[in-house]
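J.: Before I ask anything, here is the structure I am working with.
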Amino acid sequence: MVVALMGVLYTFAIGALERVQKKEANLLPTLEHLKSYLAHFDFEKEARLVCYDECRSCLVVLDRNKTSSVESFLHAKPKLFRYDPLLGMSGVESEPYFDDSGMEHATCFSYRLYSNGVGEQSIFEYEKKVYDLSDYFDDAKRYDTLEELKEEKERLLQKVLS
């Protein structure tokens with residue numbers, strides 16, 4: 001009886017521990033789950049994740065107020081692109097961050113999510129993968145190359161036009 005009771009308690013304890021670990025893992029940002037990561041914060045207008053100091057420091061900014069530092073999940077500066085159906089893919093620079101004292105900081109990464117659930121229309125190339133965050137509501141789609149992403153965008157455009 002005691003052995004059976006200990007087995008049941010062990011099963012519940014392991015299950016609870018796995019749920020806690022999974023929940024904590026979801027609280028760390030990744031490029032693939034950036035929208036859902038920012039969406040779990042309480043904000044009125046926008047949530048922004050900003051990385052600076054050569055991507056060694058990151059923070060969450062809610063409604064233009066710094067709220068918390070975040071462990072950096074980037075090892076290098078991602079390349080940032082925007083896609084336009086008429087102009088194609090174009091490289092852009094990440095916009096700077098202004099701290100509470102008005103001091104400008106160059107950023108190596110920046111991404112915004114607005115209160116309506118729509119994020120910035122951004123594409124990031126990082127560590128030989130491409131992350132498309134241009135979908136309005138869903139988390140990023142990952143591609144192996146920029147060319148693969150462009151082909152998918154063109155395919156979707158043709159589908160809409162036909």
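Just so we're on the same page: first chain in the structure tokens is A, next is B, and so on; residues restart at 1 for each chain, and ligands are numbered from 1 in the order they show up.
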Where in region 15-149 of chain A does DSSP assign strand (DSSP E), given as a VMD selection string?

T.: chain A and resid 46 to 52 57 to 62 65 to 70 79 to 84 88 to 92 97 to 98 104 to 105 107 to 114 123 to 126 129 to 132 141 to 143

J.: Store the residues picked out above in a file with C-alpha atoms, as an mmCIF file, in the first residue's frame.

T.:
```
data_model
loop_
_atom_site.group_PDB
_atom_site.id
_atom_site.type_symbol
_atom_site.label_atom_id
_atom_site.label_comp_id
_atom_site.auth_asym_id
_atom_site.auth_seq_id
_atom_site.Cartn_x
_atom_site.Cartn_y
_atom_site.Cartn_z
ATOM 1 C CA GLU A 46 2.594 48.204 -27.566
ATOM 2 C CA ALA A 47 5.100 45.736 -26.215
ATOM 3 C CA ARG A 48 8.627 45.965 -27.572
ATOM 4 C CA LEU A 49 11.619 43.705 -27.149
ATOM 5 C CA VAL A 50 14.887 45.593 -27.595
ATOM 6 C CA CYS A 51 18.426 44.191 -27.616
ATOM 7 C CA TYR A 52 21.476 46.437 -27.546
ATOM 8 C CA SER A 57 21.494 43.032 -23.178
ATOM 9 C CA CYS A 58 17.772 42.866 -23.899
ATOM 10 C CA LEU A 59 14.737 44.406 -22.270
ATOM 11 C CA VAL A 60 10.998 44.499 -22.564
ATOM 12 C CA VAL A 61 9.441 47.922 -23.020
ATOM 13 C CA LEU A 62 5.694 48.185 -22.402
ATOM 14 C CA ASN A 65 8.320 52.267 -20.286
ATOM 15 C CA LYS A 66 11.137 49.835 -19.527
ATOM 16 C CA THR A 67 9.685 47.052 -17.457
ATOM 17 C CA SER A 68 12.200 44.242 -17.243
ATOM 18 C CA SER A 69 15.562 43.046 -18.413
ATOM 19 C CA VAL A 70 15.554 39.786 -20.320
ATOM 20 C CA LYS A 79 19.825 40.933 -40.393
ATOM 21 C CA LEU A 80 16.495 42.751 -40.645
ATOM 22 C CA PHE A 81 14.410 42.842 -43.836
ATOM 23 C CA ARG A 82 11.032 44.086 -44.994
ATOM 24 C CA TYR A 83 9.138 42.548 -47.904
ATOM 25 C CA ASP A 84 7.118 44.515 -50.419
ATOM 26 C CA GLY A 88 10.834 42.635 -53.124
ATOM 27 C CA MET A 89 13.076 42.183 -50.117
ATOM 28 C CA SER A 90 14.966 45.172 -48.720
ATOM 29 C CA GLY A 91 17.370 45.377 -45.819
ATOM 30 C CA VAL A 92 16.635 47.895 -43.063
ATOM 31 C CA TYR A 97 15.894 52.755 -28.280
ATOM 32 C CA PHE A 98 15.511 55.832 -26.061
ATOM 33 C CA GLU A 104 19.593 57.053 -27.435
ATOM 34 C CA HIS A 105 20.942 53.509 -27.697
ATOM 35 C CA THR A 107 19.974 48.450 -31.117
ATOM 36 C CA CYS A 108 21.004 45.193 -32.688
ATOM 37 C CA PHE A 109 17.418 43.918 -32.489
ATOM 38 C CA SER A 110 13.993 45.424 -31.971
ATOM 39 C CA TYR A 111 10.485 44.042 -32.427
ATOM 40 C CA ARG A 112 7.058 45.472 -31.523
ATOM 41 C CA LEU A 113 3.704 43.860 -30.883
ATOM 42 C CA TYR A 114 0.664 46.122 -30.817
ATOM 43 C CA ILE A 123 11.885 39.304 -41.438
ATOM 44 C CA PHE A 124 15.065 38.308 -39.627
ATOM 45 C CA GLU A 125 17.988 36.298 -40.930
ATOM 46 C CA TYR A 126 19.830 34.705 -38.024
ATOM 47 C CA LYS A 129 17.780 30.533 -40.796
ATOM 48 C CA VAL A 130 15.155 33.060 -41.826
ATOM 49 C CA TYR A 131 12.279 34.002 -39.510
ATOM 50 C CA ASP A 132 9.216 35.602 -41.080
ATOM 51 C CA LYS A 141 7.514 30.933 -39.871
ATOM 52 C CA ARG A 142 11.024 29.586 -40.278
ATOM 53 C CA TYR A 143 12.746 29.099 -43.625
#
```
